[in-house]
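A.B. asks: Provided herewith: final-v5.tsv, TSV, C-alpha atoms and all ligand atoms.
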chain	number	residue	atom	x	y	z
A	1	MET	CA	17.29	-10.55	22.91
A	2	SER	CA	17.70	-11.55	19.32
A	3	GLN	CA	20.55	-10.25	17.24
A	4	ARG	CA	18.38	-8.86	14.50
A	5	PRO	CA	18.96	-5.18	13.98
A	6	CYS	CA	15.30	-4.42	14.60
A	7	ALA	CA	14.72	-6.38	17.77
A	8	ALA	CA	11.58	-5.45	19.58
A	9	VAL	CA	11.13	-4.71	23.19
A	10	LEU	CA	7.60	-4.93	24.41
A	11	TYR	CA	6.92	-3.23	27.63
A	12	LYS	CA	3.90	-2.00	29.47
A	13	TRP	CA	3.20	1.48	30.54
A	14	LYS	CA	0.51	3.03	32.65
A	15	GLY	CA	0.42	6.62	31.60
A	16	ARG	CA	2.76	7.60	34.41
A	17	GLU	CA	6.13	9.01	33.62
A	18	ARG	CA	8.56	6.23	34.25
A	19	LEU	CA	12.26	6.61	33.84
A	20	VAL	CA	13.80	4.34	31.24
A	21	ASP	CA	17.52	4.68	30.66
A	22	GLY	CA	17.35	7.79	32.76
A	23	ARG	CA	14.80	9.44	30.51
A	24	PRO	CA	11.09	9.86	30.92
A	25	GLU	CA	9.42	6.99	29.13
A	26	THR	CA	7.30	9.17	26.87
A	27	VAL	CA	10.40	10.93	25.60
A	28	ARG	CA	12.05	7.62	24.82
A	29	ARG	CA	8.93	6.31	23.18
A	30	THR	CA	8.59	9.44	21.09
A	31	GLN	CA	12.20	9.31	19.99
A	32	GLU	CA	11.96	5.67	18.97
A	33	PHE	CA	8.80	6.36	17.08
A	34	GLU	CA	10.31	9.29	15.22
A	35	GLU	CA	13.32	7.21	14.29
A	36	LEU	CA	11.01	4.66	12.67
A	37	TYR	CA	9.07	7.44	11.01
A	38	ARG	CA	12.22	8.80	9.41
A	39	ARG	CA	13.52	5.36	8.49
A	40	TYR	CA	10.42	4.04	6.74
A	41	TYR	CA	8.70	7.20	5.52
A	42	ALA	CA	10.04	7.13	1.96
A	43	GLN	CA	9.28	3.45	1.38
A	44	VAL	CA	5.73	3.80	2.65
A	45	VAL	CA	5.12	6.92	0.55
A	46	ARG	CA	6.29	5.10	-2.58
A	47	HIS	CA	4.02	2.16	-1.85
A	48	LEU	CA	1.11	4.57	-1.38
A	49	MET	CA	2.00	6.53	-4.51
A	50	TYR	CA	1.89	3.29	-6.41
A	51	LEU	CA	-1.53	2.43	-5.00
A	52	VAL	CA	-3.29	5.79	-5.19
A	53	GLY	CA	-1.33	7.32	-8.08
A	54	GLU	CA	-1.03	10.76	-6.55
A	55	ARG	CA	1.58	12.25	-4.34
A	56	THR	CA	-0.78	14.54	-2.45
A	57	VAL	CA	-3.08	11.69	-1.44
A	58	ALA	CA	-0.12	9.46	-0.59
A	59	GLU	CA	1.35	12.11	1.66
A	60	GLU	CA	-1.94	12.49	3.46
A	61	VAL	CA	-2.39	8.77	3.96
A	62	VAL	CA	1.18	8.20	5.14
A	63	GLN	CA	0.50	10.40	8.16
A	64	ASP	CA	-2.41	8.16	9.13
A	65	VAL	CA	-0.24	5.06	8.71
A	66	PHE	CA	2.33	6.37	11.18
A	67	LEU	CA	-0.32	7.66	13.53
A	68	LYS	CA	-1.63	4.12	13.64
A	69	LEU	CA	1.88	2.86	14.35
A	70	TYR	CA	2.06	5.29	17.24
A	71	THR	CA	-1.33	4.56	18.77
A	72	THR	CA	-1.78	0.84	18.03
A	73	PRO	CA	1.50	-0.72	17.00
A	74	PRO	CA	1.61	-4.36	15.92
A	75	PRO	CA	2.17	-6.84	18.74
A	76	ARG	CA	5.31	-8.37	17.29
A	77	GLU	CA	8.39	-6.99	15.70
A	78	GLU	CA	8.33	-9.25	12.68
A	79	ASN	CA	8.39	-7.46	9.39
A	80	LEU	CA	7.43	-4.00	10.46
A	81	LEU	CA	7.66	-2.76	6.88
A	82	GLY	CA	5.16	-5.42	5.81
A	83	TRP	CA	2.82	-4.24	8.53
A	84	LEU	CA	3.18	-0.62	7.41
A	85	TYR	CA	2.45	-1.64	3.81
A	86	LEU	CA	-0.64	-3.53	4.87
A	87	VAL	CA	-2.01	-0.73	7.02
A	88	GLY	CA	-1.16	1.68	4.21
A	89	SER	CA	-3.02	-0.47	1.68
A	90	ARG	CA	-6.12	-0.49	3.85
A	91	LEU	CA	-6.04	3.25	4.34
A	92	ALA	CA	-5.34	3.75	0.62
A	93	LEU	CA	-8.49	1.79	-0.15
A	94	ASN	CA	-10.47	4.11	2.12
A	95	ALA	CA	-8.94	7.13	0.45
A	96	LEU	CA	-9.81	5.77	-3.00
A	97	ARG	CA	-13.34	5.14	-1.88
A	98	GLY	CA	-13.69	8.60	-0.40
A	99	GLU	CA	-16.18	11.11	-1.63
A	100	LYS	CA	-13.58	13.48	-2.99
A	101	ARG	CA	-11.97	10.77	-5.07
A	102	ARG	CA	-15.27	9.61	-6.45
A	103	ARG	CA	-15.98	13.13	-7.62
A	104	GLN	CA	-12.57	13.27	-9.23
A	105	ARG	CA	-13.24	10.09	-11.14
A	106	GLU	CA	-16.54	11.43	-12.36
A	107	GLU	CA	-14.91	14.63	-13.49
A	108	GLN	CA	-12.09	12.80	-15.16
A	109	TRP	CA	-12.98	14.18	-18.55
A	110	VAL	CA	-11.84	17.57	-17.29
A	111	TRP	CA	-8.35	16.16	-16.91
A	112	ARG	CA	-8.33	14.95	-20.45
A	113	HIS	CA	-9.38	18.22	-21.92
A	114	TYR	CA	-7.40	20.47	-19.61
A	115	PRO	CA	-4.23	18.59	-18.88
A	116	GLU	CA	-2.76	21.53	-17.04
A	117	VAL	CA	-5.27	20.87	-14.27
A	118	VAL	CA	-3.36	17.70	-13.41
A	119	PRO	CA	-0.81	18.36	-10.71
A	120	LEU	CA	2.65	17.87	-12.10
A	121	GLU	CA	4.37	14.71	-11.03
A	122	GLU	CA	7.93	13.63	-11.57
A	123	ALA	CA	9.13	13.04	-15.10
A	124	ALA	CA	8.84	9.27	-14.82
A	125	MET	CA	5.19	9.49	-13.89
A	126	ARG	CA	4.54	11.82	-16.81
A	127	GLN	CA	5.56	9.34	-19.47
A	128	ALA	CA	2.64	8.75	-21.80
A	129	ALA	CA	2.50	5.00	-21.19
A	130	VAL	CA	2.57	5.45	-17.44
A	131	GLN	CA	-0.08	8.13	-17.62
A	132	ARG	CA	-2.33	5.88	-19.63
A	133	VAL	CA	-2.04	3.12	-17.07
A	134	ARG	CA	-2.71	5.64	-14.36
A	135	ARG	CA	-5.90	6.79	-16.05
A	136	VAL	CA	-7.05	3.22	-16.55
A	137	LEU	CA	-6.43	2.44	-12.88
A	138	GLU	CA	-8.30	5.57	-11.93
A	139	SER	CA	-11.37	4.29	-13.75
A	140	LEU	CA	-11.40	0.92	-11.95
A	141	ARG	CA	-13.34	0.18	-8.83
A	142	PRO	CA	-11.01	0.80	-5.86
A	143	ARG	CA	-11.11	-2.80	-4.72
A	144	GLU	CA	-10.17	-4.19	-8.12
A	145	ARG	CA	-7.49	-1.59	-8.60
A	146	LEU	CA	-5.87	-2.44	-5.28
A	147	ALA	CA	-6.08	-6.18	-5.82
A	148	LEU	CA	-4.30	-5.88	-9.17
A	149	LEU	CA	-1.61	-3.57	-7.89
A	150	LEU	CA	-0.92	-5.58	-4.75
A	151	ARG	CA	-0.65	-8.82	-6.67
A	152	HIS	CA	1.69	-7.18	-9.14
A	153	ALA	CA	3.86	-6.01	-6.24
A	154	GLY	CA	4.13	-9.59	-4.99
A	155	PHE	CA	1.57	-9.66	-2.19
A	156	THR	CA	-0.05	-13.01	-1.49
A	157	TYR	CA	-3.79	-13.59	-1.81
A	158	ARG	CA	-3.95	-13.80	1.96
A	159	GLU	CA	-2.36	-10.38	2.33
A	160	ILE	CA	-4.57	-8.93	-0.39
A	161	ALA	CA	-7.64	-10.34	1.38
A	162	GLU	CA	-6.52	-8.69	4.58
A	163	ALA	CA	-5.94	-5.35	2.90
A	164	LEU	CA	-9.32	-5.45	1.16
A	165	GLY	CA	-11.22	-6.87	4.11
A	166	VAL	CA	-12.56	-9.85	2.13
A	167	ALA	CA	-12.31	-13.62	2.48
A	168	PRO	CA	-9.09	-15.07	1.03
A	169	GLY	CA	-11.20	-17.37	-1.14
A	170	SER	CA	-12.73	-14.44	-3.00
A	171	VAL	CA	-9.46	-12.79	-4.05
A	172	GLY	CA	-9.16	-14.94	-7.19
A	173	THR	CA	-12.65	-13.91	-8.31
A	174	ILE	CA	-11.93	-10.24	-7.66
A	175	LEU	CA	-8.71	-10.49	-9.65
A	176	VAL	CA	-10.43	-12.18	-12.58
A	177	ARG	CA	-12.85	-9.26	-12.82
A	178	ALA	CA	-10.07	-6.76	-12.24
A	179	GLN	CA	-7.96	-8.17	-15.10
A	180	LYS	CA	-10.94	-8.03	-17.43
A	181	SER	CA	-11.95	-4.48	-16.62
A	182	PHE	CA	-8.34	-3.27	-16.67
A	183	LEU	CA	-7.77	-4.63	-20.17
A	184	ALA	CA	-11.16	-3.45	-21.45
A	185	ARG	CA	-10.51	0.10	-20.20
A	186	TYR	CA	-7.00	0.00	-21.54
A	187	ARG	CA	-8.28	-0.78	-25.02
A	188	GLN	CA	-10.69	2.15	-24.74
A	189	GLU	CA	-7.82	4.43	-23.77
A	190	GLU	CA	-5.75	3.13	-26.65
A	191	GLY	CA	-8.54	3.84	-29.06
A	192	GLY	CA	-9.07	7.27	-27.53
A	193	THR	CA	-7.79	10.59	-28.79
A	194	GLU	CA	-4.25	10.40	-30.05
A	195	ASP	CA	-3.34	13.91	-28.99
A	196	ASP	CA	-4.05	13.02	-25.41
A	197	LEU	CA	-0.86	14.57	-24.17
A	198	PHE	CA	0.23	14.89	-20.60
B	1	MET	CA	-17.04	-33.75	-13.90
B	2	ILE	CA	-17.22	-30.53	-11.92
B	3	CYS	CA	-15.20	-27.67	-13.29
B	4	PHE	CA	-13.40	-25.04	-11.26
B	5	ASP	CA	-14.48	-21.42	-11.35
B	6	GLU	CA	-12.23	-18.80	-12.87
B	7	GLY	CA	-11.22	-17.41	-9.51
B	8	ARG	CA	-9.89	-20.79	-8.48
B	9	LEU	CA	-8.06	-21.25	-11.74
B	10	LEU	CA	-6.42	-17.85	-11.41
B	11	ALA	CA	-5.37	-18.70	-7.86
B	12	TYR	CA	-3.83	-21.85	-9.31
B	13	LEU	CA	-1.90	-19.79	-11.87
B	14	ASP	CA	-0.75	-17.39	-9.18
B	15	GLY	CA	0.45	-20.29	-7.06
B	16	GLN	CA	-1.91	-19.37	-4.24
B	17	LEU	CA	-3.62	-22.71	-3.65
B	18	SER	CA	-2.64	-25.20	-1.01
B	19	PRO	CA	-0.52	-28.09	-2.34
B	20	ARG	CA	-3.51	-30.36	-2.11
B	21	GLU	CA	-5.89	-28.03	-3.96
B	22	SER	CA	-3.21	-27.39	-6.51
B	23	ARG	CA	-2.88	-31.11	-7.22
B	24	GLU	CA	-6.67	-31.39	-7.59
B	25	VAL	CA	-6.81	-28.55	-10.09
B	26	GLY	CA	-3.82	-29.95	-11.95
B	27	ALA	CA	-5.44	-33.36	-12.24
B	28	HIS	CA	-8.68	-31.81	-13.43
B	29	LEU	CA	-6.90	-29.68	-16.04
B	30	ALA	CA	-5.21	-32.74	-17.46
B	31	ALA	CA	-8.64	-34.21	-18.15
B	32	CYS	CA	-10.69	-31.13	-19.07
B	33	PRO	CA	-10.05	-29.20	-22.30
B	34	ARG	CA	-12.66	-26.60	-21.37
B	35	CYS	CA	-10.84	-25.60	-18.18
B	36	ARG	CA	-7.56	-25.62	-20.07
B	37	ASP	CA	-9.05	-23.06	-22.45
B	38	VAL	CA	-10.27	-20.88	-19.60
B	39	LEU	CA	-6.87	-21.15	-17.96
B	40	ALA	CA	-5.10	-20.12	-21.15
B	41	GLY	CA	-7.31	-17.04	-21.40
B	42	LEU	CA	-6.64	-16.09	-17.79
B	43	ALA	CA	-2.91	-16.61	-18.25
B	44	ALA	CA	-2.83	-14.37	-21.33
B	45	ALA	CA	-4.75	-11.60	-19.54
B	46	ARG	CA	-2.55	-11.93	-16.47
B	47	GLU	CA	0.57	-11.67	-18.58
B	48	GLU	CA	-0.67	-8.60	-20.42
B	49	VAL	CA	-1.77	-6.82	-17.26
B	50	GLY	CA	1.63	-7.50	-15.73
B	51	ARG	CA	3.43	-6.17	-18.77
B	52	LEU	CA	1.35	-2.97	-18.71
B	53	LEU	CA	1.69	-2.42	-14.97
B	54	SER	CA	5.47	-2.87	-14.89
B	55	PRO	CA	6.48	0.60	-16.12
B	56	TYR	CA	3.94	2.18	-13.80
B	57	HIS	CA	5.28	0.15	-10.90
B	58	SER	CA	8.89	1.07	-11.52
B	59	ALA	CA	7.98	4.73	-12.03
B	60	ALA	CA	6.37	4.72	-8.58
B	61	LEU	CA	9.27	2.85	-6.99
B	62	ASN	CA	11.81	5.26	-8.39
B	63	LEU	CA	10.09	8.42	-7.30
B	64	PRO	CA	12.32	10.66	-5.31
B	65	VAL	CA	10.66	11.19	-1.96
B	66	PRO	CA	11.48	14.35	-0.06
B	67	ARG	CA	12.55	14.10	3.54
B	68	PRO	CA	9.60	13.42	5.79
B	69	PRO	CA	7.97	16.51	7.22
B	70	ALA	CA	8.44	16.95	10.95
B	71	TRP	CA	6.05	14.61	12.63
B	72	PRO	CA	3.08	16.67	13.73
B	73	ARG	CA	3.49	16.69	17.45
B	74	ALA	CA	-0.13	17.57	17.97
B	75	ALA	CA	-0.86	13.97	16.97
B	76	TYR	CA	0.73	12.76	20.19
B	77	ALA	CA	-2.02	14.45	22.15
B	78	GLY	CA	-4.49	12.09	20.53
B	79	ALA	CA	-2.55	9.02	21.55
B	80	PRO	CA	-4.02	6.88	24.32
B	81	LYS	CA	-2.75	7.72	27.75
B	82	THR	CA	-2.71	4.12	28.88
B	83	GLY	CA	-2.31	0.92	26.98
B	84	LYS	CA	-0.19	-2.08	26.49
B	85	GLY	CA	1.02	-1.75	22.95
B	86	VAL	CA	4.14	0.27	23.38
B	87	VAL	CA	6.66	-1.30	21.15
B	88	SER	CA	10.23	-0.45	20.53
B	89	TRP	CA	11.73	-1.70	17.31
B	90	THR	CA	15.01	0.00	17.77
B	91	GLU	CA	17.81	-1.98	19.13
B	92	ASN	CA	18.20	-2.00	22.85
B	93	LYS	CA	21.08	0.37	22.97
B	94	LYS	CA	23.57	-0.09	25.74
B	95	ASN	CA	24.55	3.55	25.78
B	96	PRO	CA	21.70	5.78	24.78
B	97	PRO	CA	22.50	9.43	24.29
B	98	ALA	CA	22.58	11.12	27.65
B	99	THR	CA	20.50	14.06	26.64
B	100	PRO	CA	17.45	13.71	24.45
B	101	LYS	CA	17.69	15.82	21.36
B	102	LYS	CA	15.53	18.90	21.45
B	103	PRO	CA	12.63	18.60	19.03
B	104	PRO	CA	12.79	21.19	16.25
B	105	LYS	CA	10.73	24.27	16.78
B	106	SER	CA	7.21	23.70	15.60
B	107	SER	CA	7.27	26.86	13.53
B	108	SER	CA	7.74	24.95	10.27
B	109	LYS	CA	5.00	24.09	7.77
C	201	ZN	ZN	-13.16	-28.37	-16.26
Represent the structure contained in this file as C-alpha cells.
Ligand SMILES: [Zn+2]

C.D. replies:
Amino acid sequence: MSQRPCAAVLYKWKGRERLVDGRPETVRRTQEFEELYRRYYAQVVRHLMYLVGERTVAEEVVQDVFLKLYTTPPPREENLLGWLYLVGSRLALNALRGEKRRRQREEQWVWRHYPEVVPLEEAAMRQAAVQRVRRVLESLRPRERLALLLRHAGFTYREIAEALGVAPGSVGTILVRAQKSFLARYRQEEGGTEDDLF
Amino acid sequence: MICFDEGRLLAYLDGQLSPRESREVGAHLAACPRCRDVLAGLAAAREEVGRLLSPYHSAALNLPVPRPPAWPRAAYAGAPKTGKGVVSWTENKKNPPATPKKPPKSSSK
C-alpha cells in the first residue's frame, strides 16, 4: 500500500453482501463514495461554473459527474480530481450543446434588454467586465468555448482533445478559430450599448 | 518550403508539440518570415484572450460554494448490481468506526 493519503484499493464484488471490516460491503462503498462527494464537490462545482457560466447548470452537471464516479469509477487512483474535471468537462459540453441552452443563446437579446431576467450570481460574477466575457463565451460554439477555457485553466491539448472527443492534432486548429471568434465577439460587445448594465 | 498551418503554430506557442516537432517548427520559423508573421498574430491574440479570461477565471474560482446537497440516495438504485470497478480512494483505515453513521433522513430538499 502506498503512503499517499488517497491510496486506492481495488476490489471485486459480485452483488452479494460481503462483510468488509465487519460492515456490509455496500455500506462501506457508499460511505467511501459520500466522503469523496463531500471532499471534491466544491472544486468540481467551481470548475463547472467556470465552463458553463451558470450555477444552476453547474449544480445539475455535478450530480452526473458523481453518479459516474459511483457507477463507473476510473480504474486507477491517480489524480482523481483530474478525472472528475475531465468527466465534468465532457458533461459540460453536452449541457452546453443541449436544446435548452441553444434556445437560451438564441434568446440572448432578452437578457440584454431585461437584465432582471438573469439569475443573480455572486458579486464577483456580476462585475461588468466579467459579465461581458460571460456573454461573449455564451455566443461561442460550445466546442470552441470549452477549448479556450480549458487551455486557459492549464489543461494540455491531449486533455482538451479527450474532453471534446476530437483528435489531439485538431486542438490547435479549434483553438485558432476559438481565439478569433472570441476576440471578434468581444469587439462587438465593446461597441455595443454602453448602458448595458448587469 | 512547406509552411505549417496555424493550428500547428499555435500548438508550438502553447508548448504542446513533441520535442522533435518543436525543433522542426523552430527551424522553419528561423527561415520563413511569413510563418513568423502568422505566429506573431497568433501570439498577440492568445495573449489578449488570456488577459480577458483571467478575471472571469478568478471570479469562478473564488465563488463560494454551498455545502453539497445530500447525495440523492435514489441514484444508488440505478447503480449496477455487479461489476468490477469498485474503487476506494480513502485510506485503508486500520480502525474504521464500529458503527456506520446513520444517513440523514431523506426528508430534505
Ligand atoms: Zn513558413

A.B. asks: Could you tell me which of B:Glu21, B:Asp5, B:Asp14, B:Glu48 comes closest to ligand ZN 201 (chain C) if we count all atoms listed in the file?

C.D. replies: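 Using all atoms listed in the file, the shortest distance to ligand ZN 201 (chain C) belongs to B:Asp5.
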
A.B. asks: Let me see if you get this right: every residue at most 10 Å from ligand ZN 201 (chain C), counting all atoms listed in the file, written as a ChimeraX atom specification.

C.D. replies: /B:1-5,9,25,28-39

A.B. asks: Find the distance between atom CA of A:Gln179 and atom CA of A:Arg141 and write it in Å to one decimal.

C.D. replies: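 Calculated distance between atom CA of A:Gln179 and atom CA of A:Arg141 is 11.7 Å.
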
A.B. asks: Residues within 7 Å of B:Glu6, please, as a list in words. Count only C-alpha atoms; anything in the same chain fewer than 3 positions from it doesn't count.

C.D. replies: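 Final neighbour list, sorted by chain and number: Thr173 and Val176 of chain A; Leu9 and Leu10 of chain B.
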
A.B. asks: Nearest residue to chain B out of A:Val57, A:Ser139, A:Leu69, A:Leu91, using only C-alpha atoms?

C.D. replies: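 Counting only C-alpha atoms, the residue closest to chain B is A:Leu69.
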
A.B. asks: Which one of A:Arg90, A:Arg135, A:Arg46, A:Arg39 sits closest to chain B if you count only C-alpha atoms?

C.D. replies: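 Ranking A:Arg90, A:Arg135, A:Arg46, A:Arg39 by distance to chain B, first place goes to A:Arg46.
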